[in-house]
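Asks: Take a look at coords15.cif, mmCIF, C-alpha atoms:
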```cif
data_coords
#
loop_
_atom_site.label_atom_id
_atom_site.label_comp_id
_atom_site.auth_asym_id
_atom_site.auth_seq_id
_atom_site.Cartn_x
_atom_site.Cartn_y
_atom_site.Cartn_z
CA MET G 1 -17.43 21.75 -10.63
CA GLU G 2 -20.59 20.35 -9.10
CA PHE G 3 -22.53 21.34 -6.02
CA VAL G 4 -21.62 19.14 -3.07
CA ASP G 5 -24.45 18.19 -0.73
CA TYR G 6 -22.74 18.03 2.67
CA TYR G 7 -25.95 17.00 4.42
CA LYS G 8 -26.27 14.01 2.14
CA ILE G 9 -22.64 13.05 2.76
CA LEU G 10 -23.25 12.98 6.50
CA GLY G 11 -26.69 11.40 6.07
CA VAL G 12 -28.46 14.07 8.08
CA ASP G 13 -31.43 16.30 7.53
CA LYS G 14 -30.97 19.99 6.72
CA SER G 15 -32.56 20.81 10.05
CA ALA G 16 -30.17 18.56 12.00
CA SER G 17 -28.75 19.99 15.22
CA THR G 18 -25.01 20.58 15.64
CA GLU G 19 -24.98 17.64 18.03
CA ALA G 20 -26.66 15.37 15.46
CA ILE G 21 -24.15 16.45 12.82
CA LYS G 22 -21.26 15.75 15.16
CA LYS G 23 -22.71 12.35 16.00
CA ALA G 24 -23.25 11.42 12.35
CA TYR G 25 -19.76 12.58 11.48
CA ARG G 26 -18.13 10.58 14.26
CA LYS G 27 -20.05 7.45 13.35
CA LEU G 28 -19.14 7.65 9.67
CA ALA G 29 -15.57 8.77 10.35
CA ARG G 30 -14.98 5.69 12.49
CA GLN G 31 -16.26 3.59 9.64
CA HIS G 32 -14.14 5.19 6.92
CA HIS G 33 -11.06 6.45 8.76
CA PRO G 34 -7.91 5.59 6.73
CA ASP G 35 -6.15 4.28 9.84
CA LEU G 36 -8.83 1.61 10.08
CA ASN G 37 -8.96 1.00 6.32
CA PRO G 38 -5.33 0.86 5.23
CA ASN G 39 -4.75 0.90 1.44
CA ASN G 40 -8.45 1.43 0.80
CA LYS G 41 -8.69 4.32 -1.63
CA GLU G 42 -12.48 4.39 -1.49
CA ALA G 43 -12.46 4.79 2.29
CA HIS G 44 -9.79 7.47 2.02
CA LYS G 45 -11.90 9.44 -0.47
CA LYS G 46 -15.04 9.01 1.61
CA PHE G 47 -13.20 10.17 4.71
CA GLN G 48 -12.05 13.33 2.93
CA GLU G 49 -15.64 14.04 1.92
CA LEU G 50 -16.79 13.52 5.50
CA ASN G 51 -14.06 15.80 6.82
CA GLU G 52 -15.05 18.48 4.37
CA ALA G 53 -18.74 18.16 5.19
CA ASN G 54 -17.98 18.35 8.90
CA GLU G 55 -15.65 21.29 8.38
CA VAL G 56 -18.54 23.25 6.89
CA LEU G 57 -21.51 22.02 8.89
CA SER G 58 -19.95 21.91 12.35
CA ASP G 59 -19.15 25.60 12.29
CA PRO G 60 -22.36 27.68 12.61
CA GLU G 61 -20.91 30.50 10.51
CA THR G 62 -19.85 28.38 7.53
CA ARG G 63 -23.00 26.30 7.83
CA LYS G 64 -25.11 29.45 7.63
CA LYS G 65 -23.30 30.56 4.49
CA TYR G 66 -23.53 27.13 2.97
CA ASP G 67 -27.27 26.93 3.70
CA LYS G 68 -27.86 30.34 2.22
CA TYR G 69 -25.64 30.20 -0.84
CA GLY G 70 -24.66 26.55 -1.16
CA LYS G 71 -26.47 25.87 -4.41
CA ASP G 72 -25.44 29.25 -5.73
CA TRP G 73 -21.79 28.52 -5.00
CA LYS G 74 -20.46 30.55 -7.91
CA HIS G 75 -20.93 33.63 -5.76
CA GLY G 76 -18.49 32.15 -3.28
CA ALA G 77 -15.66 34.57 -4.00
CA GLU G 78 -17.00 37.19 -1.63
CA TYR G 79 -17.16 34.58 1.13
CA GLU G 80 -13.65 33.51 0.44
CA LYS G 81 -12.50 37.02 1.24
CA ALA G 82 -14.62 37.15 4.36
CA GLN G 83 -13.41 33.71 5.41
CA GLN G 84 -9.75 34.61 4.97
CA GLU G 85 -10.24 37.60 7.23
CA GLN G 86 -11.89 35.34 9.76
CA ALA G 87 -9.15 32.71 9.52
CA GLN G 88 -6.57 35.29 10.52
CA SER G 89 -8.45 36.10 13.70
CA GLY G 90 -7.78 32.80 15.44
CA GLY G 91 -7.73 29.01 15.37
CA ARG G 92 -10.07 26.29 16.51
CA GLN G 93 -9.88 23.73 19.25
CA ARG G 94 -8.35 20.36 18.57
CA SER G 95 -11.52 18.46 19.33
CA GLN G 96 -13.68 20.26 16.78
CA ALA G 97 -12.41 18.43 13.73
CA PHE G 98 -10.02 15.70 12.81
CA ASP G 99 -6.49 16.69 12.15
CA ASN G 100 -6.20 17.50 8.49
CA THR G 101 -2.48 16.92 8.41
CA GLU G 102 -2.42 13.29 7.47
CA TYR G 103 -5.62 12.53 5.67
CA GLY G 104 -7.99 15.40 5.21
CA GLU G 105 -6.16 18.22 3.53
CA ASP G 106 -7.49 17.66 0.03
CA PHE G 107 -10.62 19.73 -0.11
CA SER G 108 -12.87 19.73 -3.15
CA ASP G 109 -12.84 22.54 -5.70
CA PHE G 110 -16.37 23.33 -4.55
CA PHE G 111 -15.15 23.88 -1.00
CA LYS G 112 -12.18 26.00 -2.08
CA SER G 113 -14.37 28.07 -4.35
CA MET G 114 -16.82 28.80 -1.57
CA PHE G 115 -14.61 29.09 1.48
CA GLY G 116 -11.08 29.53 0.14
CA ASP G 117 -7.98 27.42 0.74
CA ALA G 118 -7.29 28.98 4.13
CA ALA G 119 -10.53 27.60 5.58
CA GLY G 120 -9.17 24.06 5.47
CA ASP G 121 -6.31 24.73 7.84
CA GLY G 122 -7.60 23.12 11.00
CA ARG G 123 -4.41 23.67 12.94
CA GLY G 124 -5.07 27.41 13.25
CA GLY G 125 -1.43 28.41 12.91
CA SER G 126 -0.06 26.22 15.71
CA ARG G 127 3.60 25.21 15.51
CA THR G 128 2.96 21.53 16.17
CA LYS G 129 5.43 19.27 14.37
CA TYR G 130 3.85 16.53 12.31
CA ARG G 131 5.35 13.69 10.41
CA GLY G 132 4.61 14.01 6.69
CA GLN G 133 1.99 11.89 4.98
CA ASP G 134 2.96 8.43 3.71
CA PHE G 135 2.58 8.00 -0.03
CA ASN G 136 1.58 4.79 -1.77
CA ALA G 137 2.54 4.03 -5.35
CA GLU G 138 2.28 1.07 -7.70
CA LEU G 139 4.98 -0.05 -10.09
CA HIS G 140 4.36 -2.51 -12.89
CA LEU G 141 7.26 -4.64 -14.08
CA ASN G 142 7.54 -7.63 -16.34
CA LEU G 143 9.32 -10.79 -15.23
CA ILE G 144 12.47 -9.96 -17.18
CA ASN G 145 12.75 -6.55 -15.42
CA ALA G 146 12.40 -8.23 -12.05
CA TYR G 147 15.20 -10.67 -12.92
CA THR G 148 17.96 -8.09 -12.59
CA THR G 149 18.72 -5.36 -10.08
CA HIS G 150 18.10 -2.10 -11.88
CA GLN G 151 17.26 1.52 -11.31
CA GLN G 152 14.11 3.35 -12.25
CA THR G 153 13.05 6.94 -11.97
CA LEU G 154 9.59 7.48 -10.55
CA THR G 155 7.63 10.69 -10.42
CA VAL G 156 5.84 11.00 -7.10
CA ASN G 157 3.87 14.18 -6.46
CA GLY G 158 5.88 16.04 -9.09
CA LYS G 159 9.27 14.94 -7.76
CA ASN G 160 11.57 12.55 -9.57
CA ILE G 161 12.93 9.79 -7.35
CA ARG G 162 15.54 7.35 -8.56
CA ILE G 163 15.17 4.00 -6.85
CA THR G 164 17.04 0.73 -7.05
CA ILE G 165 14.82 -2.28 -7.55
CA PRO G 166 16.55 -5.39 -6.22
CA ALA G 167 16.46 -8.50 -8.39
CA GLY G 168 13.94 -11.09 -7.25
CA ILE G 169 11.22 -8.71 -6.11
CA GLU G 170 7.90 -10.54 -5.66
CA ASN G 171 4.56 -9.83 -7.26
CA GLY G 172 2.52 -7.92 -4.65
CA GLN G 173 5.56 -7.06 -2.53
CA THR G 174 5.70 -3.58 -1.02
CA ILE G 175 8.94 -1.80 -0.25
CA LYS G 176 9.39 1.32 1.85
CA ILE G 177 11.50 4.23 0.68
CA ALA G 178 12.07 6.12 3.91
CA GLY G 179 11.67 9.88 3.88
CA HIS G 180 10.25 10.13 0.35
CA GLY G 181 6.64 10.66 1.42
CA GLY G 182 5.01 13.99 2.18
CA GLN G 183 7.08 16.74 3.69
CA GLY G 184 7.00 17.01 7.49
CA ILE G 185 5.09 19.95 8.89
CA ASN G 186 6.83 22.58 11.02
CA GLY G 187 10.08 20.63 10.96
CA GLY G 188 8.54 17.18 11.53
CA PRO G 189 10.11 14.24 9.70
CA ASN G 190 9.05 13.41 6.15
CA GLY G 191 6.65 10.54 5.57
CA ASP G 192 7.64 7.40 3.70
CA LEU G 193 6.95 6.19 0.21
CA TYR G 194 5.50 2.70 -0.13
CA ILE G 195 5.82 1.07 -3.54
CA THR G 196 3.87 -2.06 -4.36
CA PHE G 197 5.15 -4.09 -7.30
CA PHE G 198 2.95 -5.82 -9.82
CA ILE G 199 4.83 -8.27 -11.99
CA SER G 200 3.26 -9.46 -15.21
CA HIS G 201 4.03 -12.97 -16.38
CA ASP G 202 4.76 -12.48 -20.03
CA THR G 203 7.17 -15.35 -20.52
CA LYS G 204 6.79 -19.12 -20.76
CA PHE G 205 8.02 -19.34 -17.17
CA LYS G 206 5.85 -19.49 -14.11
CA ARG G 207 7.24 -18.39 -10.82
CA GLU G 208 6.86 -19.31 -7.19
CA GLY G 209 9.27 -17.37 -5.01
CA ALA G 210 12.71 -17.91 -6.52
CA ASN G 211 11.75 -21.10 -8.37
CA LEU G 212 10.71 -21.06 -12.00
CA PHE G 213 8.60 -23.64 -13.78
CA THR G 214 8.27 -24.33 -17.48
CA ASN G 215 7.08 -27.02 -19.89
CA VAL G 216 9.37 -28.36 -22.57
CA ASP G 217 8.11 -30.38 -25.54
CA ILE G 218 10.23 -33.33 -26.67
CA ASP G 219 9.62 -35.53 -29.67
CA LEU G 220 8.73 -39.17 -29.26
CA TYR G 221 12.05 -40.43 -30.56
CA THR G 222 14.12 -38.38 -28.08
CA ALA G 223 11.76 -39.43 -25.30
CA VAL G 224 12.18 -43.14 -26.16
CA LEU G 225 15.84 -43.24 -27.10
CA GLY G 226 17.18 -40.30 -25.06
CA GLY G 227 19.20 -37.42 -26.45
CA GLU G 228 20.17 -33.82 -26.02
CA LEU G 229 18.26 -30.60 -26.36
CA THR G 230 18.93 -26.92 -25.78
CA ILE G 231 16.44 -24.82 -23.85
CA ASP G 232 16.15 -21.12 -23.05
CA THR G 233 16.33 -20.03 -19.44
CA LEU G 234 16.16 -16.44 -18.17
CA GLY G 235 19.93 -16.63 -17.70
CA GLY G 236 20.64 -17.90 -21.24
CA LYS G 237 20.62 -21.16 -23.15
CA VAL G 238 21.21 -24.47 -21.36
CA LYS G 239 22.00 -27.88 -22.88
CA LEU G 240 20.08 -30.79 -21.39
CA LYS G 241 20.50 -34.54 -21.56
CA VAL G 242 17.21 -36.37 -21.92
CA ALA G 243 17.24 -39.82 -20.38
CA PRO G 244 15.96 -42.73 -22.51
CA GLU G 245 12.32 -43.73 -21.89
CA THR G 246 11.33 -40.32 -20.57
CA GLN G 247 7.60 -40.10 -19.88
CA THR G 248 5.26 -37.14 -20.34
CA GLY G 249 5.05 -35.25 -17.04
CA THR G 250 8.60 -36.16 -16.00
CA LYS G 251 10.07 -33.30 -14.00
CA ILE G 252 13.69 -32.38 -13.79
CA LYS G 253 15.21 -29.69 -11.63
CA LEU G 254 18.01 -27.42 -12.83
CA LYS G 255 19.65 -26.13 -9.67
CA GLY G 256 20.44 -22.42 -9.64
CA LYS G 257 18.78 -21.74 -13.01
CA GLY G 258 15.68 -20.14 -11.54
CA PHE G 259 14.98 -16.60 -10.33
CA PRO G 260 17.33 -14.53 -8.18
CA VAL G 261 16.67 -14.75 -4.44
CA TYR G 262 15.54 -11.30 -3.22
CA LYS G 263 18.40 -9.32 -1.67
CA SER G 264 20.74 -12.35 -1.74
CA GLU G 265 23.26 -11.53 -4.40
CA GLY G 266 24.46 -14.48 -6.44
CA GLN G 267 21.77 -16.84 -5.11
CA PHE G 268 19.21 -18.27 -7.47
CA GLY G 269 16.27 -20.61 -7.14
CA ASP G 270 15.77 -23.68 -9.32
CA LEU G 271 14.22 -24.15 -12.72
CA VAL G 272 11.77 -27.05 -12.81
CA ILE G 273 11.15 -28.47 -16.28
CA THR G 274 8.19 -30.67 -17.06
CA TYR G 275 8.55 -32.74 -20.22
CA SER G 276 5.68 -33.13 -22.58
CA VAL G 277 6.15 -35.87 -25.15
CA LYS G 278 4.72 -34.97 -28.55
CA ILE G 279 3.29 -37.84 -30.57
CA PRO G 280 4.19 -37.55 -34.25
CA THR G 281 1.35 -36.78 -36.66
CA ASN G 282 0.91 -37.08 -40.44
CA LEU G 283 2.83 -40.36 -40.49
CA THR G 284 4.00 -41.77 -43.80
CA GLU G 285 3.01 -45.29 -44.81
CA LYS G 286 6.52 -46.46 -43.96
CA GLN G 287 6.41 -44.90 -40.49
CA LYS G 288 3.01 -46.45 -39.84
CA ALA G 289 4.37 -49.83 -40.89
CA LEU G 290 7.35 -49.47 -38.54
CA PHE G 291 5.10 -48.51 -35.63
CA GLN G 292 2.92 -51.50 -36.45
CA GLU G 293 6.01 -53.68 -36.37
CA LEU G 294 6.89 -52.27 -32.94
CA ALA G 295 3.34 -52.90 -31.76
CA ASN G 296 3.57 -56.52 -32.88
CA LEU G 297 6.72 -56.98 -30.78
CA LYS G 298 4.89 -56.18 -27.52
CA MET K 1 22.30 3.69 20.18
CA ASP K 2 22.16 6.73 17.92
CA ALA K 3 20.51 9.50 19.97
CA ARG K 4 19.61 11.46 16.84
CA ASN K 5 16.87 8.94 16.07
CA LEU K 6 15.18 9.41 19.43
CA ILE K 7 12.35 11.80 20.18
CA SER K 8 11.73 12.97 23.71
CA THR K 9 8.29 11.90 24.91
CA ASP K 10 7.94 15.27 26.69
CA GLU K 11 8.56 17.09 23.42
CA PHE K 12 6.12 14.86 21.60
CA CYS K 13 3.43 15.44 24.21
CA ASN K 14 4.01 19.19 24.24
CA ASN K 15 3.85 19.38 20.47
CA HIS K 16 0.71 17.32 20.22
CA LEU K 17 -0.93 18.71 23.34
CA VAL K 18 -1.41 15.29 24.91
CA GLU K 19 -0.83 13.95 28.40
CA ILE K 20 2.29 11.91 29.10
CA SER K 21 -0.07 9.29 30.58
CA PHE K 22 -1.27 8.58 27.04
CA ILE K 23 2.23 7.37 26.10
CA SER K 24 2.54 5.44 29.38
CA SER K 25 -0.76 3.66 28.71
CA LEU K 26 0.32 2.69 25.22
CA GLN K 27 3.55 1.35 26.66
CA GLU K 28 1.70 -0.62 29.34
CA TYR K 29 -0.40 -2.29 26.68
CA GLY K 30 2.74 -3.12 24.70
CA LEU K 31 1.64 -0.94 21.79
CA ILE K 32 4.79 1.19 21.68
CA GLU K 33 8.28 0.88 23.07
CA VAL K 34 9.60 3.67 25.24
CA ILE K 35 13.34 4.03 25.79
CA THR K 36 14.61 5.44 29.10
CA ILE K 37 17.99 7.16 29.21
CA LYS K 38 19.06 8.82 32.46
CA GLU K 39 15.47 9.11 33.70
CA ALA K 40 14.32 10.79 30.49
CA THR K 41 12.02 8.87 28.17
CA PHE K 42 12.20 8.72 24.39
CA ILE K 43 10.60 6.99 21.47
CA ASP K 44 12.44 5.86 18.39
CA GLU K 45 11.66 7.87 15.26
CA SER K 46 10.62 4.68 13.50
CA GLN K 47 7.67 4.46 15.93
CA LEU K 48 6.45 7.97 15.25
CA ASN K 49 4.08 6.90 12.49
CA ARG K 50 2.54 4.29 14.76
CA LEU K 51 2.28 6.71 17.68
CA GLU K 52 0.62 9.41 15.58
CA LYS K 53 -1.85 6.82 14.33
CA PHE K 54 -2.73 5.88 17.92
CA LEU K 55 -3.11 9.58 18.67
CA ARG K 56 -5.67 9.96 15.89
CA LEU K 57 -7.57 6.88 16.99
CA TYR K 58 -7.64 8.01 20.62
CA TYR K 59 -8.40 11.71 20.26
CA ASP K 60 -10.15 11.94 16.91
CA LEU K 61 -12.14 8.73 16.91
CA GLU K 62 -12.47 8.58 20.71
CA ILE K 63 -11.32 4.97 20.82
CA ASN K 64 -9.90 3.96 24.19
CA ILE K 65 -6.58 2.17 24.67
CA GLN K 66 -8.25 -1.24 24.91
CA GLY K 67 -9.97 -0.52 21.60
CA ILE K 68 -6.70 0.58 20.03
CA GLU K 69 -5.08 -2.64 21.20
CA ALA K 70 -7.89 -4.70 19.64
CA ILE K 71 -7.75 -2.70 16.41
CA THR K 72 -3.97 -3.07 16.22
CA HIS K 73 -4.25 -6.80 16.74
CA LEU K 74 -6.93 -7.11 14.06
CA LEU K 75 -5.06 -4.89 11.58
CA ASN K 76 -1.96 -7.05 12.07
CA ARG K 77 -4.07 -10.08 11.29
CA VAL K 78 -5.55 -8.37 8.22
CA ASN K 79 -2.04 -7.50 7.03
CA SER K 80 -0.72 -11.01 7.50
CA MET K 81 -3.80 -12.42 5.75
CA GLN K 82 -3.25 -10.01 2.87
CA ASP K 83 0.35 -11.18 2.63
CA GLU K 84 -0.87 -14.75 2.61
CA ILE K 85 -3.40 -13.96 -0.12
CA THR K 86 -0.60 -12.47 -2.24
CA VAL K 87 1.52 -15.60 -1.77
CA LEU K 88 -1.44 -17.85 -2.62
CA LYS K 89 -2.34 -15.75 -5.67
CA ASN K 90 1.24 -16.05 -6.89
CA LYS K 91 1.07 -19.79 -6.32
CA LEU K 92 -2.24 -20.01 -8.15
CA GLY K 93 -0.51 -18.52 -11.20
CA LEU K 94 1.36 -21.83 -11.54
CA TYR K 95 -1.89 -23.59 -12.36
CA GLU K 96 -3.39 -20.98 -14.64
CA ASP K 97 -2.94 -21.06 -18.40
CA ASN K 98 -1.02 -18.16 -19.88
#
```
Show me this structure written as C-alpha cells.
Replies:
Amino acid sequence: MEFVDYYKILGVDKSASTEAIKKAYRKLARQHHPDLNPNNKEAHKKFQELNEANEVLSDPETRKKYDKYGKDWKHGAEYEKAQQEQAQSGGRQRSQAFDNTEYGEDFSDFFKSMFGDAAGDGRGGSRTKYRGQDFNAELHLNLINAYTTHQQTLTVNGKNIRITIPAGIENGQTIKIAGHGGQGINGGPNGDLYITFFISHDTKFKREGANLFTNVDIDLYTAVLGGELTIDTLGGKVKLKVAPETQTGTKIKLKGKGFPVYKSEGQFGDLVITYSVKIPTNLTEKQKALFQELANLK
Amino acid sequence: MDARNLISTDEFCNNHLVEISFISSLQEYGLIEVITIKEATFIDESQLNRLEKFLRLYYDLEINIQGIEAITHLLNRVNSMQDEITVLKNKLGLYEDN
C-alpha cells in the first residue's frame, strides 16, 4: 500500500484554502465525471481518486489528520477508531461531496487504513432510496459460438448469472440484463448489467451483419469446363455447380447460408463466395504441349 | 399501463431531497417523460437511471438544465458515432487479411 498524495491529485498546494480545494475538485470532477465519460475506465478511476481526495481535504478534521500523519499512515488505526466514533455522531450535507452511491464508493486501501470504511459513507445514514450501480462486462466469443443461441454462466461481482446469448450477436454489440447490476440501496431498484460482446474471427469466413463472405479456390479445368464442388459452410457442407468459363473474382450468393439474423429465429443471411482460379504449376511436358496447342488455336 | 413500474415524482423528490420544479424543468426540456394519472405525476422505472444521472449533473456538478440538455444531446451523438464506428470496424474486417 502506497502513500496517496491527495494534494497532487487535486493539483493544489498544501497551503490551499478550503475554497481553492473545492474549486479544484469541482473543475476536475466535471472533467472526469463518469456520467460525462461513459465507458471510460480511466475517467472512472480518476473520478474515484478525486472523490477520495476531496473527502479527506474538504473536511478540516480529516485534512488536519492527513496533514499531520499522512506520510506516516501506518499509524492510522487509532484514527480509524476516532473516525468511527465521529461518524456515528451525525451526517454531512448533500452539497459537501458527490454522492458516493453510484461512482465513488471504492476507496483506496490507504484511505481505509487511515480513516476506516465508515468514513466513506457520504449519505450519513439517510434512508434515501437509490438505484443500484450499473455493471459493465465484456464477453469474448468466437464466430462459431455466436452462430447458435446458447447459454453461458458469467461471474459478475462474485455472483453466477446464467444468460442466454441469442444467435447472430454482433461484434461490439452491448446487451442489457435488467436488474443484474449492483443492489439497490435502501430498497431502491437494482442496477443493470451491460455486456459487450467481442467476436473473434477464427474461421475462413468474414462477416458483415448476417452475411458471410469467403473465398473458394477452383482449379483451372473446373473453371474452364464447369463442374461440381463441395464447400463447408457454418451450417454444414453444400454442393455447388460451377458454371463453365468461370473467372477469378466471380461472386455467387448462396441465399440463407450465411449467419443467423439476430433475434429472428430461422432467418439467415447469405453466404457470398468469391472464386479464385488456381493456375496449375509443375506442368509435365505433355501438359505444356497441350497448352501450347490451345494457345495456337487462339 | 402497469402501475407497479411507476414511481411517484413526489416520492422521488422526497427521497432525493430535490424540488419538484427540477422534474418539471427536465420535462419542459423534453429530457424525461412524466406520466400524469388522476392529477398525480409519475415517472417510469426505466427512466430512473436517466433521472438520477441528471440529478448528479445538476446538483453535484452544478450544471444547469440547458447544460444538461446540451450534454445529453452530445452524449447521444457520441453514442451513435460509437455505434457507427463499431459497424465500420466490422465492415473493415472484410478487407483485412486473416
Asks: Output as a ChimeraX atom specification the set of chain K residues within 9 Å of chain G, with distances taken over only C-alpha atoms.
Replies: /K:12,14-17,45,48-49,52-54,56-57,59-62,71,75,83,86-87,90-91,93-95,98
Asks: Between CA of Val277 (chain G) and CA of Leu220 (chain G), what is the spacing in Å?
Replies: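 Going from CA of Leu220 (chain G) over to CA of Val277 (chain G), I get 5.9 Å.
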Asks: Tell me which residues the PyMOL selection byres ((chain K and resi 40) around 12) grabs here, as a ChimeraX atom specification.
Replies: /K:6-11,34-39,41-43
Asks: Written as a list in words, what is the full residue list that the PyMOL selection byres ((chain G and resi 11) around 12) yields on the file shown?
Replies: Asp5, Tyr6, Tyr7, Lys8, Ile9, Leu10, Val12, Asp13, Lys14, Ser15, Ala16, Ala20, Ile21, Lys22, Lys23, Ala24, Tyr25, Arg26, Lys27, Leu28, Leu50, Ala53 and Asn54 of chain G
Asks: How far is it from CA of Pro166 (chain G) to CA of Lys237 (chain G), in Å with one decimal?
Replies: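 Interatomic distance, CA of Pro166 (chain G) to CA of Lys237 (chain G): 23.5 Å.
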Asks: Starting from the sparse input, extend region 24-37 of chain K to N, CA and C atoms and give the output as a PDB file, keeping the file's coordinate frame.
Replies:
```
ATOM      1  N   SER K  24       2.317   6.501  28.369  1.00  0.00           N
ATOM      2  CA  SER K  24       2.540   5.440  29.380  1.00  0.00           C
ATOM      3  C   SER K  24       1.534   4.312  29.179  1.00  0.00           C
ATOM      4  N   SER K  25       0.274   4.699  28.906  1.00  0.00           N
ATOM      5  CA  SER K  25      -0.760   3.660  28.710  1.00  0.00           C
ATOM      6  C   SER K  25      -0.439   2.801  27.497  1.00  0.00           C
ATOM      7  N   LEU K  26      -0.007   3.453  26.425  1.00  0.00           N
ATOM      8  CA  LEU K  26       0.320   2.690  25.220  1.00  0.00           C
ATOM      9  C   LEU K  26       1.470   1.721  25.506  1.00  0.00           C
ATOM     10  N   GLN K  27       2.402   2.206  26.306  1.00  0.00           N
ATOM     11  CA  GLN K  27       3.550   1.350  26.660  1.00  0.00           C
ATOM     12  C   GLN K  27       3.090   0.169  27.510  1.00  0.00           C
ATOM     13  N   GLU K  28       2.207   0.455  28.467  1.00  0.00           N
ATOM     14  CA  GLU K  28       1.700  -0.620  29.340  1.00  0.00           C
ATOM     15  C   GLU K  28       1.006  -1.715  28.551  1.00  0.00           C
ATOM     16  N   TYR K  29       0.316  -1.308  27.511  1.00  0.00           N
ATOM     17  CA  TYR K  29      -0.400  -2.290  26.680  1.00  0.00           C
ATOM     18  C   TYR K  29       0.514  -2.917  25.623  1.00  0.00           C
ATOM     19  N   GLY K  30       1.778  -2.541  25.650  1.00  0.00           N
ATOM     20  CA  GLY K  30       2.740  -3.120  24.700  1.00  0.00           C
ATOM     21  C   GLY K  30       2.556  -2.611  23.282  1.00  0.00           C
ATOM     22  N   LEU K  31       1.917  -1.440  23.141  1.00  0.00           N
ATOM     23  CA  LEU K  31       1.640  -0.940  21.790  1.00  0.00           C
ATOM     24  C   LEU K  31       2.806  -0.111  21.243  1.00  0.00           C
ATOM     25  N   ILE K  32       3.576   0.504  22.135  1.00  0.00           N
ATOM     26  CA  ILE K  32       4.790   1.190  21.680  1.00  0.00           C
ATOM     27  C   ILE K  32       5.921   0.894  22.683  1.00  0.00           C
ATOM     28  N   GLU K  33       7.125   1.127  22.208  1.00  0.00           N
ATOM     29  CA  GLU K  33       8.280   0.880  23.070  1.00  0.00           C
ATOM     30  C   GLU K  33       8.871   2.228  23.471  1.00  0.00           C
ATOM     31  N   VAL K  34       9.021   2.411  24.748  1.00  0.00           N
ATOM     32  CA  VAL K  34       9.600   3.670  25.240  1.00  0.00           C
ATOM     33  C   VAL K  34      11.010   3.373  25.765  1.00  0.00           C
ATOM     34  N   ILE K  35      11.942   4.241  25.384  1.00  0.00           N
ATOM     35  CA  ILE K  35      13.340   4.030  25.790  1.00  0.00           C
ATOM     36  C   ILE K  35      13.670   5.026  26.906  1.00  0.00           C
ATOM     37  N   THR K  36      14.251   4.543  27.984  1.00  0.00           N
ATOM     38  CA  THR K  36      14.610   5.440  29.100  1.00  0.00           C
ATOM     39  C   THR K  36      16.131   5.606  29.133  1.00  0.00           C
ATOM     40  N   ILE K  37      16.559   6.856  29.086  1.00  0.00           N
ATOM     41  CA  ILE K  37      17.990   7.160  29.210  1.00  0.00           C
ATOM     42  C   ILE K  37      18.136   8.236  30.286  1.00  0.00           C
TER      43      ILE K  37
END
```
